[in-house]
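> So that you have it, the file is protein-v7.tsv, and it contains TSV, C-alpha atoms:
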chain	number	residue	atom	x	y	z
A	1	MET	CA	0.00	0.00	0.00
A	2	ILE	CA	1.39	3.42	-0.90
A	3	HIS	CA	0.37	6.10	1.53
A	4	PRO	CA	-1.18	9.30	0.19
A	5	PRO	CA	1.47	11.95	-0.40
A	6	HIS	CA	1.78	15.44	0.95
A	7	LEU	CA	0.59	17.65	-1.85
A	8	HIS	CA	2.89	20.44	-2.93
A	9	GLY	CA	0.25	22.57	-4.51
A	10	GLN	CA	-2.11	22.55	-7.46
A	11	HIS	CA	-0.34	22.10	-10.79
A	12	GLU	CA	-2.37	23.51	-13.64
A	13	HIS	CA	-1.49	23.90	-17.28
A	14	SER	CA	-3.85	25.17	-19.97
A	15	HIS	CA	-3.41	25.51	-23.73
A	16	GLY	CA	-5.47	27.45	-26.19
A	17	HIS	CA	-6.54	26.30	-29.65
A	18	GLY	CA	-3.99	24.36	-31.65
A	19	HIS	CA	-1.63	24.09	-28.73
A	20	SER	CA	-0.96	27.78	-28.70
A	21	GLN	CA	2.04	28.82	-26.70
A	22	GLY	CA	0.30	31.89	-25.38
A	23	HIS	CA	-0.70	30.29	-22.15
A	24	GLY	CA	0.04	31.00	-18.55
A	25	HIS	CA	1.80	28.54	-16.33
A	26	GLY	CA	0.24	28.09	-12.95
A	27	HIS	CA	2.78	25.53	-11.90
A	28	ALA	CA	6.31	26.79	-11.64
A	29	ILE	CA	7.98	23.50	-10.85
A	30	HIS	CA	7.65	23.30	-7.10
A	31	ALA	CA	8.79	26.81	-6.54
A	32	SER	CA	11.21	27.42	-3.75
A	33	HIS	CA	9.56	27.23	-0.35
A	34	GLY	CA	11.42	30.10	1.19
A	35	HIS	CA	14.45	28.16	2.38
A	36	SER	CA	18.01	27.90	1.21
A	37	ALA	CA	18.83	24.65	-0.56
A	38	THR	CA	22.02	23.79	1.25
A	39	ALA	CA	23.20	20.40	0.05
A	40	PRO	CA	23.44	17.79	2.80
A	41	THR	CA	26.89	16.50	3.63
A	42	MET	CA	28.18	13.23	5.03
A	43	THR	CA	29.48	15.09	8.09
A	44	GLY	CA	26.06	16.65	8.65
A	45	TYR	CA	24.36	13.28	8.20
A	46	ILE	CA	26.67	11.58	10.72
A	47	ALA	CA	26.21	14.42	13.20
A	48	PHE	CA	22.45	14.21	12.79
A	49	GLY	CA	22.54	10.42	13.25
A	50	LEU	CA	24.54	10.77	16.46
A	51	SER	CA	21.88	13.16	17.76
A	52	GLN	CA	19.17	10.48	17.38
A	53	PRO	CA	19.67	8.30	20.51
A	54	ARG	CA	17.05	5.67	19.73
A	55	GLU	CA	18.17	5.10	16.15
A	56	LEU	CA	21.82	5.16	17.17
A	57	ALA	CA	21.24	2.56	19.90
A	58	THR	CA	19.23	0.37	17.50
A	59	SER	CA	21.88	0.53	14.79
A	60	VAL	CA	24.67	-0.26	17.26
A	61	ALA	CA	22.65	-3.17	18.72
A	62	ALA	CA	22.02	-4.68	15.28
A	63	LEU	CA	25.66	-4.21	14.29
A	64	GLY	CA	26.77	-5.72	17.60
A	65	LEU	CA	24.59	-8.76	16.97
A	66	ALA	CA	26.05	-9.10	13.47
A	67	ILE	CA	29.61	-9.04	14.83
A	68	ALA	CA	28.82	-11.41	17.73
A	69	VAL	CA	27.11	-14.00	15.53
A	70	PHE	CA	29.86	-13.78	12.91
A	71	LEU	CA	32.65	-14.21	15.47
A	72	TYR	CA	30.87	-17.15	17.06
A	73	GLY	CA	30.38	-18.75	13.67
A	74	TYR	CA	34.03	-18.15	12.85
A	75	SER	CA	35.13	-19.72	16.14
A	76	VAL	CA	33.20	-22.95	15.44
A	77	GLU	CA	33.99	-22.79	11.70
A	78	SER	CA	30.32	-22.60	10.74
A	79	MET	CA	29.66	-21.05	7.35
A	80	ALA	CA	25.93	-20.95	8.07
A	81	LEU	CA	26.33	-18.91	11.25
A	82	GLN	CA	28.69	-16.50	9.55
A	83	CYS	CA	26.16	-16.02	6.74
A	84	SER	CA	23.33	-15.40	9.20
A	85	ALA	CA	25.24	-12.42	10.59
A	86	LEU	CA	24.70	-10.61	7.27
A	87	LEU	CA	20.99	-10.29	8.02
A	88	PHE	CA	21.76	-8.21	11.12
A	89	LEU	CA	24.09	-6.04	9.05
A	90	PHE	CA	21.17	-5.43	6.68
A	91	ASP	CA	19.04	-4.41	9.68
A	92	SER	CA	21.72	-2.04	10.95
A	93	LEU	CA	21.97	-0.34	7.56
A	94	GLY	CA	18.16	-0.15	7.47
A	95	VAL	CA	18.26	2.10	10.53
A	96	GLY	CA	20.61	4.39	8.63
A	97	ASN	CA	18.01	4.60	5.86
A	98	ALA	CA	15.39	5.96	8.25
A	99	VAL	CA	17.87	8.48	9.67
A	100	LEU	CA	18.82	9.64	6.17
A	101	SER	CA	15.18	10.14	5.21
A	102	ARG	CA	14.56	12.22	8.33
A	103	TYR	CA	17.75	14.21	7.79
A	104	LEU	CA	16.78	15.06	4.21
A	105	ALA	CA	13.26	15.99	5.29
A	106	LEU	CA	14.69	18.56	7.71
A	107	ASN	CA	17.24	19.83	5.20
A	108	GLY	CA	16.26	22.54	2.74
A	109	SER	CA	17.62	20.68	-0.26
A	110	PHE	CA	15.18	17.84	0.31
A	111	GLN	CA	12.42	20.13	-0.91
A	112	PRO	CA	12.05	20.67	-4.68
A	113	ASP	CA	13.00	24.05	-6.12
A	114	ASN	CA	13.53	25.64	-9.53
A	115	THR	CA	16.95	24.05	-10.04
A	116	ARG	CA	16.12	20.62	-8.57
A	117	PRO	CA	12.51	19.70	-9.51
A	118	PHE	CA	12.63	16.61	-7.29
A	119	GLY	CA	15.00	18.03	-4.67
A	120	LEU	CA	17.09	15.26	-3.13
A	121	GLN	CA	14.11	13.22	-2.01
A	122	ARG	CA	15.30	10.13	-3.91
A	123	LEU	CA	18.51	9.72	-1.95
A	124	ASP	CA	16.74	7.56	0.61
A	125	VAL	CA	15.34	5.47	-2.26
A	126	VAL	CA	18.87	5.02	-3.63
A	127	TYR	CA	20.01	4.02	-0.13
A	128	ALA	CA	17.21	1.44	0.20
A	129	PHE	CA	18.01	0.12	-3.29
A	130	ALA	CA	21.71	-0.21	-2.44
A	131	ASN	CA	20.93	-1.91	0.88
A	132	SER	CA	18.64	-4.43	-0.82
A	133	LEU	CA	21.31	-5.12	-3.45
A	134	SER	CA	23.90	-5.68	-0.71
A	135	LEU	CA	21.63	-8.34	0.84
A	136	LEU	CA	20.96	-9.85	-2.59
A	137	PHE	CA	24.67	-10.14	-3.38
A	138	SER	CA	25.29	-11.51	0.11
A	139	GLY	CA	22.76	-14.22	-0.65
A	140	LEU	CA	24.36	-14.97	-4.01
A	141	TYR	CA	27.79	-15.19	-2.39
A	142	ALA	CA	26.47	-17.53	0.32
A	143	VAL	CA	24.94	-19.79	-2.34
A	144	LYS	CA	28.18	-19.81	-4.32
A	145	GLU	CA	30.35	-20.65	-1.31
A	146	ALA	CA	27.91	-23.31	-0.10
A	147	LEU	CA	27.78	-25.05	-3.48
A	148	GLU	CA	31.56	-25.02	-3.73
A	149	ALA	CA	31.84	-26.47	-0.24
A	150	VAL	CA	29.41	-29.29	-1.08
A	151	LEU	CA	30.77	-30.10	-4.53
A	152	GLU	CA	34.45	-29.67	-3.72
A	153	GLN	CA	34.77	-30.90	-0.15
A	154	GLU	CA	38.43	-31.79	-0.53
A	155	ASP	CA	39.25	-28.14	-1.30
A	156	HIS	CA	36.99	-26.79	1.46
A	157	LYS	CA	37.97	-28.91	4.43
A	158	HIS	CA	36.89	-27.71	7.83
A	159	GLY	CA	39.12	-27.90	10.82
A	160	GLN	CA	38.05	-29.85	13.85
A	161	VAL	CA	34.27	-30.12	13.73
A	162	GLN	CA	32.62	-28.32	16.64
A	163	MET	CA	29.01	-28.60	17.70
A	164	THR	CA	27.12	-25.32	17.37
A	165	SER	CA	24.84	-24.24	20.20
A	166	PHE	CA	21.09	-24.20	19.54
A	167	VAL	CA	20.81	-21.19	21.88
A	168	VAL	CA	22.63	-18.84	19.51
A	169	PRO	CA	20.19	-18.96	16.54
A	170	VAL	CA	17.15	-18.83	18.82
A	171	MET	CA	18.40	-15.82	20.79
A	172	ALA	CA	19.60	-14.11	17.62
A	173	ALA	CA	16.20	-14.51	15.96
A	174	LEU	CA	14.36	-13.23	19.03
A	175	LEU	CA	16.61	-10.21	19.44
A	176	GLY	CA	16.48	-9.45	15.73
A	177	SER	CA	12.67	-9.62	15.70
A	178	VAL	CA	12.43	-7.42	18.81
A	179	LEU	CA	14.66	-4.79	17.21
A	180	ILE	CA	12.63	-4.78	14.01
A	181	LEU	CA	9.21	-4.55	15.68
A	182	PHE	CA	9.92	-2.26	18.64
A	183	CYS	CA	12.51	-0.03	16.98
A	184	ARG	CA	10.58	0.02	13.67
A	185	ILE	CA	13.50	-1.03	11.47
A	186	HIS	CA	12.53	-1.12	7.76
A	187	GLU	CA	9.16	0.52	8.46
A	188	LEU	CA	10.07	3.31	6.01
A	189	TYR	CA	9.84	1.06	2.95
A	190	PHE	CA	7.71	-1.75	4.39
A	191	PRO	CA	4.64	-0.69	2.32
A	192	LEU	CA	6.66	-1.42	-0.83
A	193	VAL	CA	6.94	-5.13	-0.02
A	194	SER	CA	3.75	-5.88	1.90
A	195	ARG	CA	0.16	-4.67	2.12
A	196	ARG	CA	-0.21	-5.85	5.69
A	197	SER	CA	0.42	-3.95	8.89
A	198	PHE	CA	4.04	-3.60	9.98
A	199	ASP	CA	3.00	-4.91	13.42
A	200	ASP	CA	1.61	-8.12	11.94
A	201	LYS	CA	4.47	-10.26	13.24
A	202	LEU	CA	3.57	-13.43	11.38
A	203	HIS	CA	3.39	-11.71	7.99
A	204	ASN	CA	6.21	-9.19	8.35
A	205	PRO	CA	8.84	-10.43	5.84
A	206	PHE	CA	11.73	-8.88	7.79
A	207	VAL	CA	10.67	-10.75	10.93
A	208	GLN	CA	9.99	-13.89	8.90
A	209	ALA	CA	13.56	-13.80	7.56
A	210	HIS	CA	14.95	-13.97	11.09
A	211	GLY	CA	12.58	-16.80	11.97
A	212	ILE	CA	13.51	-18.76	8.85
A	213	SER	CA	17.21	-18.22	9.58
A	214	ALA	CA	16.76	-19.59	13.10
A	215	ILE	CA	14.90	-22.65	11.82
A	216	ILE	CA	17.65	-23.35	9.26
A	217	LEU	CA	20.37	-23.08	11.89
A	218	LEU	CA	18.41	-25.31	14.28
A	219	ILE	CA	18.09	-27.96	11.57
A	220	VAL	CA	21.85	-27.80	11.02
A	221	HIS	CA	22.37	-28.21	14.78
A	222	TRP	CA	19.90	-31.12	14.88
A	223	ILE	CA	21.68	-32.94	12.05
A	224	GLN	CA	25.05	-32.46	13.75
A	225	ALA	CA	23.61	-33.69	17.06
A	226	MET	CA	22.14	-36.79	15.39
A	227	PHE	CA	25.54	-37.79	14.03
A	228	SER	CA	27.55	-36.72	17.07
A	229	SER	CA	27.99	-40.33	18.16
A	230	ALA	CA	28.81	-41.60	14.67
A	231	PRO	CA	32.36	-42.57	13.65
A	232	SER	CA	34.67	-39.60	13.15
A	233	SER	CA	34.98	-40.36	9.43
A	234	THR	CA	31.21	-39.91	9.07
A	235	ILE	CA	31.13	-36.72	11.13
A	236	GLU	CA	33.90	-35.20	9.02
A	237	HIS	CA	31.62	-35.43	5.98
A	238	VAL	CA	28.17	-34.89	7.48
A	239	ALA	CA	28.87	-31.84	9.64
A	240	PRO	CA	30.51	-29.72	6.90
A	241	ALA	CA	27.88	-30.79	4.36
A	242	SER	CA	24.96	-29.92	6.64
A	243	ASP	CA	26.56	-26.59	7.50
A	244	ALA	CA	27.09	-25.77	3.82
A	245	LEU	CA	23.51	-26.69	2.97
A	246	GLY	CA	22.39	-24.43	5.82
A	247	ALA	CA	24.41	-21.59	4.30
A	248	LEU	CA	22.80	-22.35	0.93
A	249	ALA	CA	19.31	-22.13	2.45
A	250	LEU	CA	20.23	-18.86	4.18
A	251	GLY	CA	21.48	-17.41	0.90
A	252	LEU	CA	18.19	-18.27	-0.78
A	253	THR	CA	16.32	-16.68	2.15
A	254	PHE	CA	18.31	-13.47	1.75
A	255	MET	CA	17.47	-13.37	-1.95
A	256	TRP	CA	13.79	-14.02	-1.18
A	257	LEU	CA	13.81	-10.96	1.09
A	258	ALA	CA	15.98	-8.72	-1.10
A	259	VAL	CA	14.45	-9.21	-4.56
A	260	PRO	CA	11.00	-7.61	-3.84
A	261	LEU	CA	12.62	-4.62	-2.13
A	262	ALA	CA	15.21	-4.16	-4.90
A	263	THR	CA	12.46	-4.43	-7.53
A	264	ALA	CA	10.20	-1.92	-5.77
A	265	THR	CA	12.90	0.68	-5.12
A	266	GLY	CA	14.33	0.21	-8.62
A	267	SER	CA	10.87	0.84	-10.06
A	268	ILE	CA	10.66	4.10	-8.11
A	269	LEU	CA	13.99	5.24	-9.51
A	270	LEU	CA	12.77	4.38	-13.03
A	271	GLN	CA	9.42	6.15	-12.44
A	272	VAL	CA	7.47	3.01	-13.25
A	273	THR	CA	3.73	3.01	-12.62
A	274	PRO	CA	3.05	0.66	-9.68
A	275	PRO	CA	1.47	-2.51	-11.16
A	276	THR	CA	-1.25	-2.47	-8.49
A	277	LEU	CA	-2.50	0.87	-9.85
A	278	GLN	CA	-2.59	0.05	-13.56
A	279	LYS	CA	-6.14	-1.34	-13.70
A	280	GLY	CA	-7.43	1.56	-11.64
A	281	LEU	CA	-5.75	4.02	-13.99
A	282	ASP	CA	-7.44	2.44	-16.99
A	283	ARG	CA	-10.82	2.87	-15.31
A	284	LEU	CA	-9.94	6.43	-14.32
A	285	VAL	CA	-9.14	7.38	-17.93
A	286	GLY	CA	-12.55	6.10	-19.02
A	287	GLU	CA	-14.36	8.00	-16.27
A	288	VAL	CA	-12.57	11.29	-17.04
A	289	ALA	CA	-13.22	10.89	-20.78
A	290	CYS	CA	-16.95	10.50	-20.03
A	291	LEU	CA	-17.16	13.85	-18.19
A	292	HIS	CA	-19.30	16.42	-19.98
A	293	GLY	CA	-17.17	18.68	-22.17
A	294	ILE	CA	-14.14	16.37	-22.27
A	295	ALA	CA	-13.05	15.15	-25.71
A	296	GLU	CA	-10.39	12.65	-24.67
A	297	VAL	CA	-7.59	11.85	-22.26
A	298	SER	CA	-4.40	11.69	-24.30
A	299	LYS	CA	-1.94	10.73	-21.58
A	300	VAL	CA	-1.89	9.59	-17.97
A	301	HIS	CA	1.08	8.50	-15.92
A	302	VAL	CA	1.42	7.87	-12.19
A	303	TRP	CA	4.70	7.16	-10.45
A	304	SER	CA	6.37	7.39	-7.04
A	305	PRO	CA	8.81	10.31	-6.79
A	306	SER	CA	9.99	9.02	-3.42
A	307	LEU	CA	9.15	6.40	-0.82
A	308	ASN	CA	5.41	6.12	-0.10
A	309	ARG	CA	4.37	9.10	-2.26
A	310	LEU	CA	2.60	9.42	-5.59
A	311	SER	CA	2.72	11.94	-8.41
A	312	GLY	CA	0.67	11.97	-11.60
A	313	ILE	CA	0.45	13.65	-14.99
A	314	LEU	CA	-2.84	13.92	-16.87
A	315	HIS	CA	-3.26	15.43	-20.36
A	316	VAL	CA	-6.92	16.20	-21.09
A	317	HIS	CA	-8.44	17.54	-24.34
A	318	TYR	CA	-11.63	19.52	-23.80
A	319	ARG	CA	-14.09	20.72	-26.42
A	320	ALA	CA	-13.93	24.28	-27.70
A	321	GLY	CA	-16.08	26.72	-25.76
A	322	GLY	CA	-15.95	24.75	-22.54
A	323	ASP	CA	-15.37	26.41	-19.17
A	324	VAL	CA	-11.77	25.37	-18.56
A	325	ASP	CA	-11.85	26.23	-14.87
A	326	ALA	CA	-14.99	24.21	-14.22
A	327	LEU	CA	-13.70	21.31	-16.30
A	328	ARG	CA	-10.34	21.37	-14.53
A	329	LEU	CA	-12.09	21.33	-11.16
A	330	ALA	CA	-14.23	18.37	-12.22
A	331	VAL	CA	-11.21	16.46	-13.55
A	332	ARG	CA	-9.17	17.17	-10.43
A	333	SER	CA	-12.02	16.10	-8.17
A	334	LYS	CA	-12.35	12.86	-10.11
A	335	VAL	CA	-8.65	11.92	-10.13
A	336	THR	CA	-7.86	12.89	-6.54
A	337	SER	CA	-10.84	10.92	-5.26
A	338	ARG	CA	-9.41	7.80	-6.90
A	339	PHE	CA	-5.67	8.46	-6.55
A	340	PRO	CA	-4.55	10.93	-3.85
A	341	ALA	CA	-1.44	12.20	-5.59
A	342	ASP	CA	0.43	15.37	-6.52
A	343	TRP	CA	-1.32	15.75	-9.89
A	344	TRP	CA	-0.07	17.83	-12.81
A	345	ILE	CA	-3.14	18.39	-15.01
A	346	GLU	CA	-2.78	19.82	-18.50
A	347	MET	CA	-5.94	21.07	-20.19
A	348	VAL	CA	-5.81	21.43	-23.97
A	349	GLU	CA	-8.66	22.99	-25.93
A	350	VAL	CA	-9.35	21.34	-29.28
A	351	ALA	CA	-11.01	22.96	-32.26
A	352	PRO	CA	-14.59	21.89	-33.07
A	353	SER	CA	-13.42	19.96	-36.11
A	354	PHE	CA	-11.38	17.72	-33.85
A	355	SER	CA	-14.04	17.17	-31.24
Let me see the file written as structure tokens.

Amino acid sequence: MIHPPHLHGQHEHSHGHGHSQGHGHGHAIHASHGHSATAPTMTGYIAFGLSQPRELATSVAALGLAIAVFLYGYSVESMALQCSALLFLFDSLGVGNAVLSRYLALNGSFQPDNTRPFGLQRLDVVYAFANSLSLLFSGLYAVKEALEAVLEQEDHKHGQVQMTSFVVPVMAALLGSVLILFCRIHELYFPLVSRRSFDDKLHNPFVQAHGISAIILLIVHWIQAMFSSAPSSTIEHVAPASDALGALALGLTFMWLAVPLATATGSILLQVTPPTLQKGLDRLVGEVACLHGIAEVSKVHVWSPSLNRLSGILHVHYRAGGDVDALRLAVRSKVTSRFPADWWIEMVEVAPSFS
């Protein structure tokens, strides 16, 4: 679900007969809002982040969990545990995304002006896209390493096999879920990947990823425990193989989580119309075209200029002699009732012969 945006004003654009250029623009592109557009800096962003105690503590906690799980996995030579740490790193970077969005919102350059029609409001989208790609590539790397370990065991020998503790994945999953739900990690772009409530624990994909990771690690532990009393020659093959398969499953889990987010944020950057809105737009075009005095709708496009906001462009041809102000009001009322967005409506009068 994409939340209704904050409108930046009424964009109107009217043409006379034959697309005459003698028209007035009522929509200087998001004119400056009375502030200076000072570009944000990395130093300013870091300073702002340090001034946000809750976000700072959450980011440090997630990063600390990532380091702790990785070091424990390294100490017991578990590829699966080391891979699972990457999910906490993704969470930690997700906190930075929320801080960046808030920093840009409070900075003048976030707002559009005459030189930057979109301001810098897409930086947080770029951040989310990069973070999702980092998780995707982490998943691909985990799959690659796991397959190599399974197919080429002689070249990927483990040292002395050590039993992993079942407490670690359970505690890690619980702590990770608590951080996500109570500290609202990933809430900024959650509507892009799910239509459910962020607090719906069972259907929150970010919480699900931690739960799936814990289940995978527990299965690895269970397999190792089952063969703990087997001959050493058997353990030397079973333990590394089960651990590698666990890493493979974790890599696939990371990709399952990353692909929808990367696709959604990439679509925003490409100004793609959200697929869920396409059918509604088709109906909207028909309804506007049926309004009295309207000849046709020549173009409609809706996209997300930033996270959880919508903008739209509508080109409408109206019949000669029509009251452009009344028609514009009727068109705007129709489109905003269906799609609350920052609409740019262009009204073009057509000659009677073209009506």
> To one decimal place, how far is CA of Leu140 (chain A) from CA of Val126 (chain A) in Å?
20.7 Å
> Using CA of Val167 (chain A) and CA of Ala66 (chain A) as the two end points, give the distance in Å to one decimal.
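Taking CA of Val167 (chain A) as the start and CA of Ala66 (chain A) as the end point, the length is 15.6 Å.
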> I need the residue nearest Ala295 (chain A) from this list: A:Ser134, A:Glu349, A:Ala247, A:Ala341. Use all atoms listed in the file for the distance.
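Closest residue, counting all atoms listed in the file: A:Glu349.
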> Give me the residues within 8 Å of Ile268 (chain A) as a list in words, counting only C-alpha atoms and dropping any in the same chain fewer than 2 places off.
Val125, Ala264, Thr265, Gly266, Leu270, Gln271, Val272, Trp303, Ser304, Pro305, Ser306 and Leu307 of chain A
> Tell me, in Å to one decimal, how far CA of Ala146 (chain A) is from CA of Val238 (chain A).
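Answer for the CA of Ala146 (chain A) to CA of Val238 (chain A) separation: 13.8 Å.
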> Given only C-alpha atoms as the basis, pick out the residue of A:Asp91, A:Phe70, A:Thr263, A:Val99 nearest to Gly44 (chain A).
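Of all the options, A:Val99 lies closest to Gly44 (chain A).
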> Around (22.6, -23.5, 18.7) in the file's own coordinates, what residues are found within 10 Å if you use all atoms listed in the file, given back as a ChimeraX atom specification?
/A:81,163-172,214,217-222
> Considering all atoms listed in the file, state which residue in the set A:Phe88, A:Tyr45, A:Tyr141, A:Tyr127 is at the smallest distance from Leu179 (chain A).
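Looking at the shortest contact to Leu179 (chain A), the residue is A:Phe88.
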> Within 8 Å of (20.3, 9.3, 7.5) in the file's own coordinates, which protein, DNA or RNA residues have an atom, counting all atoms listed in the file? List them as a PyMOL selection string.
chain A and resi 45-46+48-49+96-104+124
> For Ala289 (chain A), list every protein, DNA or RNA residue within 12 Å, evaluated using all atoms listed in the file, and leave out those in the same chain fewer than 6 positions away; present the list as a PyMOL selection string.
chain A and resi 282-283+295-300+314-319+327+330-331+334-335
> A:Leu87, A:Ala262, A:Val324, A:Ala61: which is nearest Val350 (chain A), counting all atoms listed in the file?
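Among the listed residues, A:Val324 lies closest to Val350 (chain A).
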> Can you tell me which residues surround region 62-64 of chain A at a distance of at most 12 Å, considering all atoms listed in the file, apart from same-chain residues fewer than 3 positions away, and format the answer as number ranges by chain?
A: 55-59, 67-71, 85-96, 172-173, 175-180, 183, 185
> Given all atoms listed in the file as the basis, pick out the residue of A:Phe129, A:Phe137, A:Trp343, A:Phe182 nearest to Trp256 (chain A).
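Among the listed residues, A:Phe137 lies closest to Trp256 (chain A).
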